[in-house]
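What follows is the content of query_2.txt, which has compact mmCIF, C-alpha atoms:
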# COMPACT_ATOMS: atom_id res chain seq x y z
CA MET A 29 18.55 -8.60 19.04
CA THR A 30 20.87 -6.31 20.95
CA GLN A 31 22.52 -3.42 19.22
CA THR A 32 25.87 -2.22 20.40
CA MET A 33 27.14 1.30 20.11
CA ASN A 34 30.25 1.79 18.05
CA PRO A 35 32.44 4.08 20.15
CA GLN A 36 34.74 4.48 17.15
CA HIS A 37 32.07 6.01 14.88
CA THR A 38 32.81 9.46 13.54
CA ALA A 39 30.77 11.52 11.14
CA HIS A 40 32.34 13.04 8.05
CA PRO A 41 30.00 15.89 7.08
CA ALA A 42 30.61 17.78 3.87
CA PHE A 43 29.88 20.99 5.78
CA GLN A 44 29.94 21.97 9.41
CA ALA A 45 28.77 25.39 10.61
CA THR A 46 31.04 27.88 12.30
CA PRO A 47 30.06 29.33 15.66
CA GLN A 48 29.00 32.54 13.87
CA LEU A 49 26.56 30.70 11.61
CA GLY A 50 25.33 28.76 14.61
CA GLY A 51 24.72 31.97 16.54
CA HIS A 52 22.83 33.55 13.67
CA LEU A 53 20.57 30.55 13.15
CA GLN A 54 20.06 30.28 16.92
CA GLN A 55 18.83 33.89 17.09
CA LEU A 56 16.41 33.28 14.24
CA LEU A 57 15.15 30.12 15.95
CA VAL A 58 14.55 32.07 19.17
CA ASP A 59 12.66 34.84 17.37
CA LEU A 60 10.53 32.37 15.40
CA THR A 61 9.72 30.50 18.61
CA ASP A 62 8.75 33.73 20.34
CA LEU A 63 6.69 34.79 17.29
CA HIS A 64 4.73 31.55 17.66
CA LEU A 65 4.19 32.17 21.37
CA GLN A 66 3.22 35.81 20.88
CA GLY A 67 0.79 34.84 18.14
CA LYS A 68 -0.97 32.44 20.51
CA GLN A 69 -0.97 34.97 23.37
CA LEU A 70 -2.65 37.52 21.13
CA HIS A 71 -5.00 34.87 19.67
CA TRP A 72 -6.31 34.05 23.13
CA ASN A 73 -6.71 37.64 24.31
CA VAL A 74 -7.85 39.64 21.29
CA VAL A 75 -11.24 41.37 21.54
CA GLY A 76 -13.15 43.94 19.53
CA LYS A 77 -14.18 44.81 16.00
CA ASN A 78 -13.14 42.22 13.39
CA PHE A 79 -12.38 39.78 16.21
CA ARG A 80 -12.96 36.64 14.18
CA ASP A 81 -10.76 37.67 11.25
CA THR A 82 -7.98 38.79 13.59
CA HIS A 83 -8.31 35.63 15.69
CA LEU A 84 -8.02 33.44 12.57
CA VAL A 85 -5.13 35.31 10.94
CA LEU A 86 -3.15 34.93 14.15
CA ASP A 87 -3.35 31.17 13.66
CA GLU A 88 -1.75 31.67 10.23
CA VAL A 89 1.14 33.48 11.90
CA VAL A 90 1.44 30.77 14.53
CA ASP A 91 1.45 28.00 11.92
CA ALA A 92 4.09 29.77 9.83
CA ALA A 93 6.32 30.50 12.83
CA ARG A 94 6.06 26.92 14.15
CA GLY A 95 6.82 25.45 10.75
CA PHE A 96 9.76 27.77 10.12
CA SER A 97 11.21 27.18 13.58
CA ASP A 98 11.23 23.45 12.86
CA VAL A 99 12.92 24.00 9.49
CA VAL A 100 15.59 26.21 11.08
CA ALA A 101 16.19 23.81 13.98
CA GLU A 102 16.51 20.85 11.63
CA ARG A 103 18.89 22.82 9.41
CA MET A 104 20.94 23.58 12.50
CA ARG A 105 21.16 19.87 13.31
CA ALA A 106 22.10 19.07 9.71
CA VAL A 107 25.13 21.37 9.99
CA TYR A 108 26.04 20.18 13.51
CA ILE A 109 24.62 22.98 15.61
CA THR A 110 22.54 22.16 18.69
CA PRO A 111 19.36 24.27 18.68
CA ASP A 112 18.09 25.71 21.95
CA ALA A 113 14.47 26.85 22.08
CA ARG A 114 13.90 26.25 25.77
CA SER A 115 11.56 28.79 27.34
CA LYS A 116 14.31 30.37 29.44
CA THR A 117 16.53 30.76 26.38
CA VAL A 118 13.74 32.30 24.32
CA ALA A 119 12.78 34.69 27.13
CA ALA A 120 16.37 35.78 27.66
CA THR A 121 17.39 36.28 24.02
CA THR A 122 14.36 37.23 21.93
CA SER A 123 14.50 40.31 19.72
CA LEU A 124 10.71 40.73 19.72
CA PRO A 125 8.97 43.51 21.64
CA ASP A 126 7.05 42.49 24.75
CA LEU A 127 3.27 42.02 24.79
CA PRO A 128 0.61 43.13 27.26
CA THR A 129 -0.75 40.41 29.55
CA GLU A 130 -4.41 41.46 29.49
CA GLU A 131 -7.09 41.58 26.80
CA ILE A 132 -6.02 43.52 23.73
CA ASP A 133 -8.15 45.37 21.19
CA THR A 134 -8.03 44.14 17.60
CA ALA A 135 -6.34 47.30 16.29
CA ASP A 136 -3.63 47.04 18.97
CA THR A 137 -3.35 43.32 18.25
CA VAL A 138 -2.71 44.10 14.59
CA ASP A 139 0.04 46.55 15.54
CA ALA A 140 1.57 44.09 18.01
CA ILE A 141 1.71 41.09 15.67
CA VAL A 142 2.97 43.23 12.78
CA ALA A 143 5.76 44.54 15.05
CA ALA A 144 6.64 40.95 15.99
CA LEU A 145 6.59 39.84 12.34
CA TYR A 146 8.83 42.72 11.28
CA ALA A 147 11.20 42.12 14.23
CA THR A 148 11.58 38.49 13.20
CA ALA A 149 12.02 39.45 9.55
CA GLY A 150 14.55 42.05 10.71
CA THR A 151 16.60 39.34 12.37
CA ALA A 152 16.52 37.28 9.18
CA ARG A 153 17.60 40.30 7.14
CA ARG A 154 20.32 41.27 9.64
CA ILE A 155 21.94 37.83 9.54
CA HIS A 156 21.30 37.13 5.85
CA ASP A 157 24.57 38.29 4.31
CA ASP A 158 26.75 36.51 6.87
CA VAL A 159 24.67 33.33 6.51
CA ASP A 160 24.79 33.53 2.71
CA ALA A 161 28.56 34.00 2.70
CA GLU A 162 29.04 30.83 4.74
CA ASP A 163 26.11 28.65 3.71
CA PRO A 164 23.92 29.57 0.73
CA THR A 165 21.64 26.62 1.52
CA SER A 166 20.74 28.14 4.89
CA ALA A 167 20.32 31.52 3.18
CA ASP A 168 17.74 29.94 0.87
CA ILE A 169 15.74 29.03 3.96
CA LEU A 170 15.93 32.66 5.08
CA HIS A 171 14.51 33.75 1.72
CA THR A 172 11.45 31.56 2.18
CA ILE A 173 10.95 32.77 5.75
CA LEU A 174 11.29 36.42 4.75
CA GLU A 175 8.87 36.07 1.87
CA ARG A 176 6.12 34.65 4.07
CA LEU A 177 6.65 36.78 7.19
CA GLU A 178 6.74 40.01 5.22
CA GLN A 179 3.65 38.95 3.26
CA LEU A 180 1.79 38.25 6.51
CA ALA A 181 2.94 41.58 7.98
CA TRP A 182 1.72 43.50 4.92
CA MET A 183 -1.63 41.74 4.86
CA ILE A 184 -2.29 42.09 8.57
CA ASP A 185 -1.04 45.69 8.73
CA ALA A 186 -3.52 46.64 6.00
CA GLU A 187 -6.29 46.18 8.61
CA ASN A 188 -5.23 49.42 10.34
CA ARG A 189 -4.26 51.46 7.28
CA VAL A 190 -6.36 54.15 5.61
CA ALA A 191 -6.31 54.10 1.80
CA ASN A 192 -4.08 56.81 0.34
CA ASN A 193 -3.82 58.43 3.75
CA SER A 194 -1.44 56.34 5.81
CA ILE A 195 2.01 54.92 5.39
CA PRO A 196 3.72 52.13 7.29
CA ARG A 197 4.93 53.19 10.71
CA SER A 198 8.55 52.38 9.83
CA MET A 199 8.46 55.10 7.17
CA HIS A 200 7.69 57.70 9.87
CA GLN A 201 10.79 56.89 11.89

Once you've parsed the file, please lay out its structure as structure tokens.
Amino acid sequence: MTQTMNPQHTAHPAFQATPQLGGHLQQLLVDLTDLHLQGKQLHWNVVGKNFRDTHLVLDEVVDAARGFSDVVAERMRAVYITPDARSKTVAATTSLPDLPTEEIDTADTVDAIVAALYATAGTARRIHDDVDAEDPTSADILHTILERLEQLAWMIDAENRVANNSIPRSMHQ
């Protein structure tokens, strides 16, 4: 059986994103994609005390970032935005800090992945109000992402903290 394309077909979506919403979701997609890549880079190159725990928790970050990037990209398609997570796009537009290319000690790995988690969460927080004003459904997705990324950041950051004697780095700045 041969199917023919209907050149007269048009979609009639109940909602279609504006370029601003598209840009916001695109930036979050880029940062989530880079978070996944950074998590794997650190996973492969971490060494030192508490190696195994650090190595394994990085997989949790990677799994969360990959899952959330898929959710965001599919939401983008649902509201007629074309996602772009090609490597050259991610490299050119990420908000995440750069990583070293060599082996990295576990304590430095903790600081690096926490910085990447907070940078990604920062993007979600920065775009939240604009996204919510235009599309509360997409904002609900941001809530879920923020909840998990900030939980991971807190849990992983605790590895380098000293009880009752250290505060998060962001509170120093």

Could you pull the residues within 10 Å of A:Asn73, counting only C-alpha atoms, minus those fewer than 4 positions along the same chain, as a PDB file with C-alpha atoms, keeping the file's coordinate frame?
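result_30.pdb written:
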ATOM      1  CA  LYS A  68      -0.970  32.440  20.510  1.00  0.00           C
ATOM      2  CA  GLN A  69      -0.970  34.970  23.370  1.00  0.00           C
ATOM      3  CA  HIS A  83      -8.310  35.630  15.690  1.00  0.00           C
ATOM      4  CA  PRO A 128       0.610  43.130  27.260  1.00  0.00           C
ATOM      5  CA  THR A 129      -0.750  40.410  29.550  1.00  0.00           C
ATOM      6  CA  GLU A 130      -4.410  41.460  29.490  1.00  0.00           C
ATOM      7  CA  GLU A 131      -7.090  41.580  26.800  1.00  0.00           C
ATOM      8  CA  ILE A 132      -6.020  43.520  23.730  1.00  0.00           C
ATOM      9  CA  ASP A 133      -8.150  45.370  21.190  1.00  0.00           C
ATOM     10  CA  THR A 134      -8.030  44.140  17.600  1.00  0.00           C
ATOM     11  CA  THR A 137      -3.350  43.320  18.250  1.00  0.00           C
TER      12      THR A 137
END

Å distance separating atom CA of A:Ala181 from atom CA of A:Ala135, one decimal place: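 Answer for the atom CA of A:Ala181 to atom CA of A:Ala135 separation: 13.7 Å.
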
Gap from atom CA of A:Gly76 to atom CA of A:Gly150 - Å, one decimal: 29.1 Å

Gap from atom CA of A:Val85 to atom CA of A:Asp185 - Å, one decimal: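 These atoms are spaced 11.4 Å apart.
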
Closest of A:Gly50, A:His171, A:His156, A:Leu145 to A:Pro111, counting all atoms listed in the file, is A:Gly50

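The protein and nucleic acid residues lying at most 12 Å from A:Ile169 are Leu53, Leu56, Gly95, Phe96, Ser97, Asp98, Val99, Val100, Ala101, Glu102, Arg103, Met104, Ala152, Arg153, His156, Val159, Asp160, Asp163, Pro164, Thr165, Ser166, Ala167, His171, Thr172, Ile173, Leu174, Glu175 and Arg176 of chain A, with all atoms listed in the file considered and sequence neighbours fewer than 2 positions away removed.
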
Selected residue, from A:Leu170, A:Leu57, A:Leu49, A:Ala39, that lies nearest to A:Ala113 when counting all atoms listed in the file: A:Leu57

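Residues in contact with A:Gly67 at up to 10 Å, not including ones fewer than 2 positions away on its chain and judged by all atoms listed in the file, are Thr61, Asp62, Leu63, His64, Leu65, Gln69, Leu70, His71, Trp72, His83, Val85, Leu86, Asp87, Glu88, Val89, Val90, Asp91, Ala93, Thr137, Ala140, Ile141, Ala144 and Leu145 of chain A.
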
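Using only C-alpha atoms, the contacts of A:Thr46 at a cut-off of 10 Å, with sequence neighbours closer than 6 positions omitted, comprise Val107, Tyr108, Ile109, Glu162 and Asp163 of chain A.
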
Min atom-atom distance to A:Arg94 from the set A:Asn34, A:Gln66, A:Thr117, A:Thr110, counting all atoms listed in the file, belongs to A:Gln66

Would you please work out which residue, of A:Val75, A:Val138, A:Val190, A:Leu177, is nearest to A:Thr151 when using only C-alpha atoms? A:Leu177

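Considering all atoms listed in the file, the residue among A:Ile155, A:Leu84, A:Val58, A:Ala149 positioned nearest to A:Asp112 is A:Val58.
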